[in-house]
Amino acid sequence: MMATWAQRFATAVERPAVAYGIVIGSVAVATSLQGVIELALTSPPAFMIYYPAIIFATVVAGGRGGLTAVALSALVAVLLWPTEARAGATLPVTLGLFLLTGGLTVALAKPLRVAIRRGATVQERFRIAQQGAKDSFVIFDPVRENGEVVDFVWVYANPAADRMAPAGVESLVGRRVREVFPDGTGLAMVERLRQAQGQDEADELEVSRVIDGEERWVRSSAVRAGEGVAVIFRDITEQRAMVQALRQGEARVRAFIESLPQLMWVGAKDGAWVFASPQWRTFTGDGPDDALGDGWLASVHPEDCDAVAEAWRQAVQNALPFSPQFRLRRADGVWRWFHGRASPLRDEDGEVRRWFGSASDITEVIEARQDLEARVEARTRDLQASLEDKARTETALAQAQRLETVGRLTGGVAHDFNNLLTVVIGGLDMILKNPADQARVTRLAEAALSAGRRGERLTRQLLAFSRRQELRLDNLAVAPLVEQVEPLVRRAAGEAIHLVIDCAPDVGAARLDAAQFEAALLNLVVNAADATPAGGQIRIEAARTTLAEGEVREAEPGDYVRISVTDTGAGMAPDVLDHVFEPFFTTKETGKGTGLGLAQVYGFIRQCGGAVEVRSAPGEGSTISLYLPAADHADPLALEAEVGIETMMAGLRILLVEDDDAVRAVTEGLLSELGCQVETAINGVEALVRVGRGADFDLVLSDIVMPGGVSGVDLARRLRDDHPSLPVVLTTGYTAEKLDDAEEAQAWPILRKPFRAEQLSAVVRQAAGAA
């Protein structure tokens, strides 16, 4: 306690005036004490009382202060006390000895001052380091009874340690372990500390502790510190849970792979197989390791083996797609046709780390195609000799088309899921190799989560095509729905294409799912925009109509609301029209279409009880009409809720400030889909220029950490001073980042990354509404 007081006092007096004032005061106090001693003693020592004052002055004010105290003390002694009263010594001798010994005292006290100041500096640095430390640090002293250690008491605990204390315990210092943890946790801690007392080196353990009834896992290191024990520890409960979740996720992925009908494999960077799924081993009859390396080629048909091996070598060497068709020997010796596909898994530098592949049985498709070709050739020679032969040929053709559709569907699903599994399995593989890198774990887990969501969307599209998707069918007015989706379809059509919407308010209501209807209409407009050249026109019309028996294919007689999308594009040939609703069929370039858009629209309309009609010819554009069952009245409640949300967001002018190109593009897209008008800036400097030009923005959405010398917080402060009525929302990818100023934290809400569309919508609406 005294040492701490001395350290603080020695470092507090930095101004010379204050320091020399204390020097004078210390000499004055010594002089007063000398006077009291004069009254009590007949022959008191002459200068003895001044030495403590000299030491104190040296510690406080340094060497000059100490010498000043020596001089003042000598001057006071000469002025106040006669020479003959000083124990028989003459004044010059006594004064000379005092000056000499006083100077030596100053010389000896200067190192004491240095030591005190250094000690204060070290102690302050230790305090600052422990104040902000993530790890907990404590020191224990043993509690002995009859010479035996029965407990331990905390003599030091940093803030991180106090935060882990049970509820109701504000500070651990001065408390016994068994007092804070009276249960089995306390007994285990005391035993652990006893063991640490008997060890010369620090240990490192992961132990389970029960705090406030909850099991927590702690990684700690204890080392003997004199009679006591020093311990550093950290709560790793969440980290252990994350690792366990990753392992469980890997197990689920493996179970998923093993449940697929395709034959799956994994290859190393050099193309050597390192894993073959149980389906491969079951089909070929291979042993657990027979297919590894290049052993899998032994199961390929001899006529196909060389071509497949060369295709695989080229794919591995040049990172090219691998997609051959070949025959595989089944365990019973039968040869089956397969379509193999493989894609590489790349690391952060773009280098191939592994290959993931699958093979789908397409024997029926190949045989059907061969049979079809043989039948067509035979019927061409016979010139359709009989109606029976013609019917049989048409039946075979239809069967072959169905099988080809199934093959395309199977191949498309396998291809897309292989891509998703590459992200999921590869991400989990890299996470398990280094689970301690939290930033890397988060990034890879988000990539795996994104892949899972893409798989979910793919599943929804397939369900819509198969008409197994669960819909919420309501009687809704069609005109407000078309008006509501108009901003989205106009953005989809683009400025180069003229979009006309003709939807009378009295078109009436239809039975449909609002969300799927909007998605279907948007899908049709996107397809029409892709087919329409610049300067062309897309027309959306809505009308009420009555259909007779057989007037529209698959439509029952009755009243319908017809939604037609007409474009002035190139049109479609009859052979294309025959396949437009088949899944994964597309006329777009590779990578620009999934082939599920019209299939999803068709499935949705059929689930609603309606029908789809396509009219098109080369050079005459296309018209796709959706016939929805008409309803006598509309349910206004669901529509009002949807319109209310869109109205709050529509037309908001937002300045988006984000330096990351990908994040900026995604965020801009989300805001645009919410009906906002978005302008972007890549840093704070550009944003200030945009606002300074007089642009009328309703809200600024800015990242916090940005290059250019102006952070998001700096930008918000400048806008607060220059444009106090302009609301600001800050975004950050650092979950621990916050604003220290409470007023700023309330004025500028922080949106954490990653965020979803509904989170972005909520914070924007709240900020814009509050303004």
# chains A, B, ... in the order shown; residues from 1 in each chain; ligands from 1

$ residues_around --residues "A:Ala165" --least-positions-apart "6" --cutoff "10 Å" --atoms "only C-alpha atoms" --output "compact mmCIF listing (two decimals) with N, CA, C and O atoms, in the first residue's frame"
# COMPACT_ATOMS: atom_id res chain seq x y z
N SER A 171 -15.80 -9.30 -7.52
CA SER A 171 -14.35 -9.38 -7.58
C SER A 171 -13.89 -10.66 -6.89
O SER A 171 -14.42 -11.05 -5.84
N LEU A 172 -12.89 -11.32 -7.49
CA LEU A 172 -12.38 -12.57 -6.93
C LEU A 172 -11.30 -12.34 -5.88
O LEU A 172 -11.06 -13.23 -5.04
N VAL A 180 -16.14 -19.43 -3.41
CA VAL A 180 -16.78 -19.06 -4.67
C VAL A 180 -17.39 -20.27 -5.37
O VAL A 180 -18.46 -20.20 -5.96
N PHE A 181 -16.71 -21.42 -5.28
CA PHE A 181 -17.18 -22.65 -5.90
C PHE A 181 -17.32 -23.72 -4.82
O PHE A 181 -16.39 -24.52 -4.61
N ILE A 211 -20.09 -23.25 -14.00
CA ILE A 211 -20.24 -21.88 -13.52
C ILE A 211 -21.69 -21.47 -13.70
O ILE A 211 -22.22 -21.51 -14.81
N ASP A 212 -22.33 -21.13 -12.59
CA ASP A 212 -23.76 -20.77 -12.60
C ASP A 212 -24.61 -21.87 -13.22
O ASP A 212 -25.54 -21.63 -13.99

$ residues_around --residues "stretch 716-725 of chain A" --least-positions-apart "4" --cutoff "12 Å" --atoms "only C-alpha atoms" --output "tab-separated table (two decimals) with all heavy atoms, in the first residue's frame"
chain	number	residue	atom	x	y	z
A	657	VAL	N	-21.80	3.42	-49.53
A	657	VAL	CA	-20.35	3.65	-49.50
A	657	VAL	C	-19.68	2.34	-49.06
A	657	VAL	O	-19.82	1.94	-47.90
A	657	VAL	CB	-19.98	4.79	-48.53
A	657	VAL	CG1	-18.51	5.17	-48.70
A	657	VAL	CG2	-20.87	6.00	-48.78
A	684	GLY	N	-14.87	7.11	-48.40
A	684	GLY	CA	-15.49	8.25	-47.76
A	684	GLY	C	-15.25	9.55	-48.48
A	684	GLY	O	-16.11	10.44	-48.49
A	685	VAL	N	-14.08	9.70	-49.11
A	685	VAL	CA	-13.79	10.94	-49.83
A	685	VAL	C	-14.77	11.13	-50.99
A	685	VAL	O	-15.34	12.21	-51.19
A	685	VAL	CB	-12.33	10.91	-50.34
A	685	VAL	CG1	-12.04	12.14	-51.19
A	685	VAL	CG2	-11.36	10.82	-49.18
A	687	ALA	N	-17.72	9.83	-51.24
A	687	ALA	CA	-19.06	10.05	-50.69
A	687	ALA	C	-19.26	11.51	-50.31
A	687	ALA	O	-20.32	12.10	-50.56
A	687	ALA	CB	-19.28	9.14	-49.48
A	688	LEU	N	-18.24	12.13	-49.69
A	688	LEU	CA	-18.36	13.54	-49.32
A	688	LEU	C	-18.51	14.42	-50.56
A	688	LEU	O	-19.25	15.40	-50.55
A	688	LEU	CB	-17.13	13.96	-48.51
A	688	LEU	CG	-17.03	13.37	-47.09
A	688	LEU	CD1	-15.69	13.71	-46.47
A	688	LEU	CD2	-18.17	13.88	-46.22
A	689	VAL	N	-17.81	14.05	-51.63
A	689	VAL	CA	-17.95	14.82	-52.87
A	689	VAL	C	-19.37	14.70	-53.41
A	689	VAL	O	-19.98	15.69	-53.84
A	689	VAL	CB	-16.92	14.33	-53.91
A	689	VAL	CG1	-17.17	14.99	-55.27
A	689	VAL	CG2	-15.51	14.63	-53.43
A	690	ARG	N	-19.93	13.46	-53.39
A	690	ARG	CA	-21.29	13.25	-53.89
A	690	ARG	C	-22.30	14.10	-53.10
A	690	ARG	O	-23.15	14.78	-53.68
A	690	ARG	CB	-21.67	11.77	-53.77
A	690	ARG	CG	-20.90	10.85	-54.70
A	690	ARG	CD	-21.43	10.91	-56.13
A	690	ARG	NE	-20.79	9.95	-56.98
A	690	ARG	CZ	-21.22	8.71	-57.14
A	690	ARG	NH1	-22.29	8.30	-56.50
A	690	ARG	NH2	-20.57	7.87	-57.94
A	691	VAL	N	-22.20	14.05	-51.78
A	691	VAL	CA	-23.15	14.80	-50.96
A	691	VAL	C	-22.92	16.30	-51.12
A	691	VAL	O	-23.87	17.09	-51.14
A	691	VAL	CB	-23.01	14.38	-49.47
A	691	VAL	CG1	-23.95	15.20	-48.59
A	691	VAL	CG2	-23.34	12.89	-49.31
A	692	GLY	N	-21.67	16.71	-51.24
A	692	GLY	CA	-21.36	18.13	-51.36
A	692	GLY	C	-21.86	18.75	-52.64
A	692	GLY	O	-22.00	19.97	-52.73
A	694	GLY	N	-24.71	18.56	-53.70
A	694	GLY	CA	-26.12	18.90	-53.54
A	694	GLY	C	-27.08	17.78	-53.85
A	694	GLY	O	-28.28	18.01	-53.99
A	695	ALA	N	-26.55	16.53	-53.97
A	695	ALA	CA	-27.44	15.40	-54.23
A	695	ALA	C	-28.39	15.21	-53.05
A	695	ALA	O	-27.99	15.29	-51.90
A	695	ALA	CB	-26.62	14.14	-54.46
A	696	ASP	N	-29.65	14.96	-53.37
A	696	ASP	CA	-30.69	14.83	-52.35
A	696	ASP	C	-30.85	13.36	-51.97
A	696	ASP	O	-31.58	12.61	-52.64
A	696	ASP	CB	-32.01	15.41	-52.87
A	696	ASP	CG	-33.07	15.42	-51.77
A	696	ASP	OD1	-32.72	15.26	-50.59
A	696	ASP	OD2	-34.26	15.59	-52.11
A	697	PHE	N	-30.14	12.91	-50.92
A	697	PHE	CA	-30.22	11.53	-50.46
A	697	PHE	C	-31.11	11.45	-49.23
A	697	PHE	O	-31.16	12.37	-48.40
A	697	PHE	CB	-28.82	10.98	-50.12
A	697	PHE	CG	-27.92	10.87	-51.30
A	697	PHE	CD1	-26.86	11.75	-51.49
A	697	PHE	CD2	-28.12	9.87	-52.25
A	697	PHE	CE1	-26.03	11.64	-52.58
A	697	PHE	CE2	-27.29	9.77	-53.35
A	697	PHE	CZ	-26.25	10.66	-53.52
A	698	ASP	N	-31.82	10.31	-49.12
A	698	ASP	CA	-32.65	10.06	-47.93
A	698	ASP	C	-31.87	9.34	-46.83
A	698	ASP	O	-32.27	9.39	-45.67
A	698	ASP	CB	-33.88	9.20	-48.31
A	698	ASP	CG	-34.76	9.91	-49.33
A	698	ASP	OD1	-35.09	11.08	-49.06
A	698	ASP	OD2	-35.11	9.31	-50.34
A	699	LEU	N	-30.76	8.68	-47.19
A	699	LEU	CA	-30.01	7.91	-46.20
A	699	LEU	C	-28.64	7.57	-46.78
A	699	LEU	O	-28.49	7.40	-47.99
A	699	LEU	CB	-30.77	6.63	-45.82
A	699	LEU	CG	-30.16	5.72	-44.76
A	699	LEU	CD1	-31.24	5.18	-43.83
A	699	LEU	CD2	-29.45	4.53	-45.41
A	700	VAL	N	-27.64	7.49	-45.90
A	700	VAL	CA	-26.29	7.05	-46.27
A	700	VAL	C	-26.00	5.74	-45.56
A	700	VAL	O	-26.13	5.64	-44.34
A	700	VAL	CB	-25.23	8.10	-45.91
A	700	VAL	CG1	-23.82	7.56	-46.19
A	700	VAL	CG2	-25.46	9.38	-46.70
A	701	LEU	N	-25.61	4.70	-46.34
A	701	LEU	CA	-25.24	3.38	-45.80
A	701	LEU	C	-23.75	3.18	-46.07
A	701	LEU	O	-23.34	3.05	-47.23
A	701	LEU	CB	-26.08	2.28	-46.46
A	701	LEU	CG	-25.80	0.84	-46.01
A	701	LEU	CD1	-26.18	0.65	-44.55
A	701	LEU	CD2	-26.57	-0.15	-46.88
A	702	SER	N	-22.92	3.18	-45.01
A	702	SER	CA	-21.47	3.19	-45.20
A	702	SER	C	-20.79	2.11	-44.39
A	702	SER	O	-21.16	1.84	-43.24
A	702	SER	CB	-20.90	4.57	-44.81
A	702	SER	OG	-19.48	4.55	-44.82
A	703	ASP	N	-19.75	1.51	-44.99
A	703	ASP	CA	-18.85	0.62	-44.25
A	703	ASP	C	-18.02	1.46	-43.29
A	703	ASP	O	-17.79	2.65	-43.51
A	703	ASP	CB	-17.94	-0.12	-45.24
A	703	ASP	CG	-17.17	-1.24	-44.56
A	703	ASP	OD1	-17.57	-1.63	-43.44
A	703	ASP	OD2	-16.19	-1.72	-45.15
A	704	ILE	N	-17.55	0.86	-42.19
A	704	ILE	CA	-16.77	1.61	-41.21
A	704	ILE	C	-15.31	1.68	-41.63
A	704	ILE	O	-14.70	2.74	-41.67
A	704	ILE	CB	-16.90	0.97	-39.81
A	704	ILE	CG1	-18.32	1.21	-39.26
A	704	ILE	CG2	-15.89	1.56	-38.84
A	704	ILE	CD1	-18.55	0.65	-37.87
A	710	VAL	N	-10.54	8.42	-44.77
A	710	VAL	CA	-11.83	8.80	-44.19
A	710	VAL	C	-12.61	7.52	-43.91
A	710	VAL	O	-13.06	6.83	-44.83
A	710	VAL	CB	-12.64	9.72	-45.13
A	710	VAL	CG1	-13.99	10.05	-44.51
A	710	VAL	CG2	-11.86	10.99	-45.43
A	711	SER	N	-12.75	7.17	-42.64
A	711	SER	CA	-13.49	5.98	-42.26
A	711	SER	C	-14.99	6.26	-42.28
A	711	SER	O	-15.42	7.41	-42.46
A	711	SER	CB	-13.07	5.50	-40.87
A	711	SER	OG	-13.52	6.43	-39.89
A	712	GLY	N	-15.78	5.20	-42.07
A	712	GLY	CA	-17.22	5.39	-42.01
A	712	GLY	C	-17.64	6.29	-40.86
A	712	GLY	O	-18.57	7.10	-40.98
A	729	VAL	N	-26.41	4.95	-41.59
A	729	VAL	CA	-26.33	3.57	-41.06
A	729	VAL	C	-24.93	3.05	-41.40
A	729	VAL	O	-24.48	3.16	-42.54
A	729	VAL	CB	-27.39	2.66	-41.68
A	729	VAL	CG1	-27.19	1.21	-41.20
A	729	VAL	CG2	-28.79	3.13	-41.28
A	730	LEU	N	-24.23	2.51	-40.40
A	730	LEU	CA	-22.88	1.99	-40.58
A	730	LEU	C	-22.90	0.47	-40.65
A	730	LEU	O	-23.70	-0.17	-39.96
A	730	LEU	CB	-21.97	2.44	-39.44
A	730	LEU	CG	-21.81	3.95	-39.26
A	730	LEU	CD1	-20.97	4.26	-38.04
A	730	LEU	CD2	-21.20	4.59	-40.49
A	731	THR	N	-22.04	-0.10	-41.50
A	731	THR	CA	-21.91	-1.55	-41.58
A	731	THR	C	-20.48	-1.94	-41.28
A	731	THR	O	-19.55	-1.17	-41.52
A	731	THR	CB	-22.28	-2.06	-43.00
A	731	THR	OG1	-21.30	-1.60	-43.93
A	731	THR	CG2	-23.65	-1.57	-43.40
A	739	LEU	N	-19.31	1.77	-31.35
A	739	LEU	CA	-19.02	3.18	-31.15
A	739	LEU	C	-18.94	3.47	-29.67
A	739	LEU	O	-19.83	3.10	-28.90
A	739	LEU	CB	-20.12	4.03	-31.80
A	739	LEU	CG	-20.27	3.87	-33.33
A	739	LEU	CD1	-21.42	4.72	-33.83
A	739	LEU	CD2	-19.00	4.23	-34.04
A	741	ASP	N	-18.90	6.45	-28.20
A	741	ASP	CA	-19.79	7.54	-27.82
A	741	ASP	C	-21.24	7.07	-27.85
A	741	ASP	O	-21.73	6.61	-28.89
A	741	ASP	CB	-19.58	8.72	-28.78
A	741	ASP	CG	-20.33	9.96	-28.30
A	741	ASP	OD1	-21.56	10.00	-28.50
A	741	ASP	OD2	-19.70	10.85	-27.72
A	743	GLU	N	-24.05	8.74	-27.69
A	743	GLU	CA	-24.90	9.54	-28.57
A	743	GLU	C	-24.72	9.14	-30.03
A	743	GLU	O	-25.67	9.01	-30.78
A	743	GLU	CB	-24.58	11.02	-28.38
A	743	GLU	CG	-25.48	11.95	-29.21
A	743	GLU	CD	-25.16	13.41	-28.95
A	743	GLU	OE1	-24.38	13.70	-28.01
A	743	GLU	OE2	-25.68	14.27	-29.68
A	744	GLU	N	-23.45	8.90	-30.41
A	744	GLU	CA	-23.19	8.47	-31.79
A	744	GLU	C	-23.74	7.08	-32.04
A	744	GLU	O	-24.28	6.78	-33.11
A	744	GLU	CB	-21.69	8.49	-32.06
A	744	GLU	CG	-21.11	9.90	-32.09
A	744	GLU	CD	-19.61	9.87	-32.39
A	744	GLU	OE1	-19.04	8.77	-32.38
A	744	GLU	OE2	-19.05	10.95	-32.64
A	745	ALA	N	-23.62	6.18	-31.05
A	745	ALA	CA	-24.14	4.83	-31.21
A	745	ALA	C	-25.64	4.83	-31.40
A	745	ALA	O	-26.20	4.00	-32.13
A	745	ALA	CB	-23.77	3.98	-29.99
A	747	ALA	N	-27.35	7.46	-32.70
A	747	ALA	CA	-27.67	8.16	-33.94
A	747	ALA	C	-27.33	7.34	-35.17
A	747	ALA	O	-28.00	7.44	-36.19
A	747	ALA	CB	-26.91	9.50	-33.99
A	748	TRP	N	-26.26	6.51	-35.08
A	748	TRP	CA	-25.80	5.76	-36.24
A	748	TRP	C	-25.85	4.27	-35.93
A	748	TRP	O	-24.88	3.70	-35.39
A	748	TRP	CB	-24.37	6.16	-36.62
A	748	TRP	CG	-24.17	7.63	-36.75
A	748	TRP	CD1	-25.05	8.54	-37.23
A	748	TRP	CD2	-23.02	8.38	-36.34
A	748	TRP	NE1	-24.53	9.79	-37.17
A	748	TRP	CE2	-23.28	9.74	-36.64
A	748	TRP	CE3	-21.79	8.03	-35.79
A	748	TRP	CZ2	-22.35	10.74	-36.37
A	748	TRP	CZ3	-20.87	9.03	-35.54
A	748	TRP	CH2	-21.15	10.37	-35.82
A	749	PRO	N	-26.95	3.59	-36.21
A	749	PRO	CA	-27.02	2.14	-35.95
A	749	PRO	C	-26.01	1.38	-36.80
A	749	PRO	O	-25.68	1.78	-37.90
A	749	PRO	CB	-28.47	1.79	-36.34
A	749	PRO	CG	-28.90	2.88	-37.27
A	749	PRO	CD	-28.19	4.12	-36.80
A	750	ILE	N	-25.49	0.28	-36.23
A	750	ILE	CA	-24.50	-0.55	-36.93
A	750	ILE	C	-25.17	-1.83	-37.40
A	750	ILE	O	-25.78	-2.55	-36.60
A	750	ILE	CB	-23.31	-0.87	-36.00
A	750	ILE	CG1	-22.54	0.42	-35.68
A	750	ILE	CG2	-22.38	-1.87	-36.65
A	750	ILE	CD1	-21.34	0.20	-34.78
A	767	ALA	N	-34.12	3.45	-39.82
A	767	ALA	CA	-33.33	4.68	-39.86
A	767	ALA	C	-34.04	5.76	-40.68
A	767	ALA	O	-34.09	6.93	-40.28
A	767	ALA	CB	-31.95	4.40	-40.43
A	768	ALA	N	-34.59	5.39	-41.82
A	768	ALA	CA	-35.27	6.37	-42.66
A	768	ALA	C	-36.54	6.87	-41.99
A	768	ALA	O	-36.88	8.05	-42.06
A	768	ALA	CB	-35.59	5.76	-44.03
A	770	ALA	N	-37.06	7.02	-38.71
A	770	ALA	CA	-36.72	7.84	-37.55
A	770	ALA	C	-36.34	9.26	-37.96
A	770	ALA	O	-36.49	10.21	-37.20
A	770	ALA	CB	-35.57	7.21	-36.77
A	771	ALA	N	-35.79	9.36	-39.19
A	771	ALA	CA	-35.39	10.68	-39.65
A	771	ALA	C	-36.61	11.52	-40.04
A	771	ALA	O	-36.54	12.72	-40.12
A	771	ALA	CB	-34.45	10.57	-40.85

$ residues_around --residues "stretch 559-576 of chain A" --least-positions-apart "6" --cutoff "9 Å" --atoms "only C-alpha atoms" --output "JSON, numbers by chain"
{"A": [478, 503, 507, 508, 509, 510, 521, 524, 525, 528, 529, 530, 531, 532, 533, 536, 537, 538, 539, 540, 541, 542, 543, 544, 545, 546, 547, 587, 610, 615, 616, 617, 618, 619, 620, 621, 622, 623, 624, 625, 626, 627, 628, 629, 630, 631]}

$ select_by_dssp --residues "stretch 272-385 of chain A" --states "strand (DSSP E)" --output "ChimeraX atom specification"
/A:273-276,325-329,335-346,352-361

$ select_by_dssp --residues "stretch 499-637 of chain A" --states "alpha helix (DSSP H)" --output "ChimeraX atom specification"
/A:514-531,574-577,597-607,636-637

$ closest_residue --among "A:Trp217, A:Phe283, A:Phe126, A:Trp355" --to "A:Gly267" --atoms "only C-alpha atoms"
A:Trp355

$ atom_distance --atom1 "atom CA of A:Asn523" --atom2 "atom CA of A:Ala548"
28.0 Å

$ atom_distance --atom1 "atom CA of A:Tyr20" --atom2 "atom CA of A:Arg113"
15.6 Å

$ residues_around --residues "A:Leu655" --least-positions-apart "3" --cutoff "6 Å" --atoms "only C-alpha atoms" --output "PyMOL selection string"
chain A and resi 678-680+700

$ closest_residue --among "A:Ala291, A:Ala69, A:Val210, A:Ile22" --to "A:Ala188" --atoms "only C-alpha atoms"
A:Val210

$ closest_residue --among "A:Glu446, A:Glu668, A:Glu215, A:Asp513" --to "A:Ile431" --atoms "only C-alpha atoms"
A:Glu446

$ atom_distance --atom1 "atom CA of A:Ala447" --atom2 "atom CA of A:Leu428"
9.9 Å

$ closest_atom_pairs --of "stretch 199-298 of chain A" --to "stretch 130-147 of chain A" --cutoff "6 Å" --atoms "only C-alpha atoms" --output "Markdown table"
| residue | atom | partner | partner_atom | distance |
| --- | --- | --- | --- | --- |
| A:Gly228 | CA | A:Asp141 | CA | 4.3 |
| A:Val229 | CA | A:Phe140 | CA | 5.2 |
| A:Ala230 | CA | A:Ile139 | CA | 4.4 |
| A:Val231 | CA | A:Val138 | CA | 5.4 |
| A:Ile232 | CA | A:Phe137 | CA | 4.6 |
| A:Phe233 | CA | A:Ser136 | CA | 5.2 |
| A:Arg234 | CA | A:Asp135 | CA | 5.2 |

$ write_last_selection --atoms "N, CA, C and O atoms" --output "mmCIF file, in the first residue's frame"
data_model
loop_
_atom_site.group_PDB
_atom_site.id
_atom_site.type_symbol
_atom_site.label_atom_id
_atom_site.label_comp_id
_atom_site.auth_asym_id
_atom_site.auth_seq_id
_atom_site.Cartn_x
_atom_site.Cartn_y
_atom_site.Cartn_z
ATOM 1 N N GLY A 228 2.843 -19.402 -4.051
ATOM 2 C CA GLY A 228 1.537 -19.437 -4.695
ATOM 3 C C GLY A 228 1.587 -20.058 -6.085
ATOM 4 O O GLY A 228 2.563 -20.689 -6.482
ATOM 5 N N VAL A 229 0.489 -19.839 -6.834
ATOM 6 C CA VAL A 229 0.359 -20.385 -8.183
ATOM 7 C C VAL A 229 -0.224 -19.296 -9.083
ATOM 8 O O VAL A 229 -1.211 -18.639 -8.718
ATOM 9 N N ALA A 230 0.397 -19.106 -10.258
ATOM 10 C CA ALA A 230 -0.125 -18.180 -11.269
ATOM 11 C C ALA A 230 -0.788 -18.989 -12.382
ATOM 12 O O ALA A 230 -0.230 -19.993 -12.834
ATOM 13 N N VAL A 231 -1.976 -18.559 -12.827
ATOM 14 C CA VAL A 231 -2.751 -19.311 -13.816
ATOM 15 C C VAL A 231 -3.235 -18.365 -14.905
ATOM 16 O O VAL A 231 -3.762 -17.289 -14.631
ATOM 17 N N ILE A 232 -3.024 -18.782 -16.164
ATOM 18 C CA ILE A 232 -3.608 -18.101 -17.324
ATOM 19 C C ILE A 232 -4.634 -19.049 -17.938
ATOM 20 O O ILE A 232 -4.333 -20.231 -18.146
ATOM 21 N N PHE A 233 -5.846 -18.556 -18.223
ATOM 22 C CA PHE A 233 -6.864 -19.435 -18.776
ATOM 23 C C PHE A 233 -7.783 -18.660 -19.707
ATOM 24 O O PHE A 233 -7.838 -17.429 -19.673
ATOM 25 N N ARG A 234 -8.500 -19.419 -20.555
ATOM 26 C CA ARG A 234 -9.425 -18.839 -21.535
ATOM 27 C C ARG A 234 -10.613 -19.782 -21.709
ATOM 28 O O ARG A 234 -10.454 -21.001 -21.758
#

$ residues_around --residues "stretch 99-105 of chain A" --least-positions-apart "2" --cutoff "12 Å" --atoms "only C-alpha atoms" --output "PyMOL selection string"
chain A and resi 47-59+63-75+77+91-97+107-112

$ residues_around --residues "A:Leu598" --least-positions-apart "4" --cutoff "7 Å" --atoms "only C-alpha atoms" --output "list in words"
Val580, Phe581 and Tyr602 of chain A

$ write_last_selection --atoms "N, CA and C atoms" --output "mmCIF file, in the first residue's frame"
data_model
loop_
_atom_site.group_PDB
_atom_site.id
_atom_site.type_symbol
_atom_site.label_atom_id
_atom_site.label_comp_id
_atom_site.auth_asym_id
_atom_site.auth_seq_id
_atom_site.Cartn_x
_atom_site.Cartn_y
_atom_site.Cartn_z
ATOM 1 N N VAL A 580 -39.424 -26.353 -74.142
ATOM 2 C CA VAL A 580 -39.234 -25.150 -73.318
ATOM 3 C C VAL A 580 -39.522 -25.383 -71.841
ATOM 4 N N PHE A 581 -40.388 -26.339 -71.512
ATOM 5 C CA PHE A 581 -40.730 -26.559 -70.110
ATOM 6 C C PHE A 581 -39.931 -27.701 -69.482
ATOM 7 N N TYR A 602 -43.932 -23.204 -65.115
ATOM 8 C CA TYR A 602 -44.921 -24.215 -65.485
ATOM 9 C C TYR A 602 -45.423 -24.979 -64.259
#

$ residues_around --residues "A:Gly535" --least-positions-apart "4" --cutoff "9 Å" --atoms "only C-alpha atoms" --output "list in words"
Ala496, Ile497 and His498 of chain A
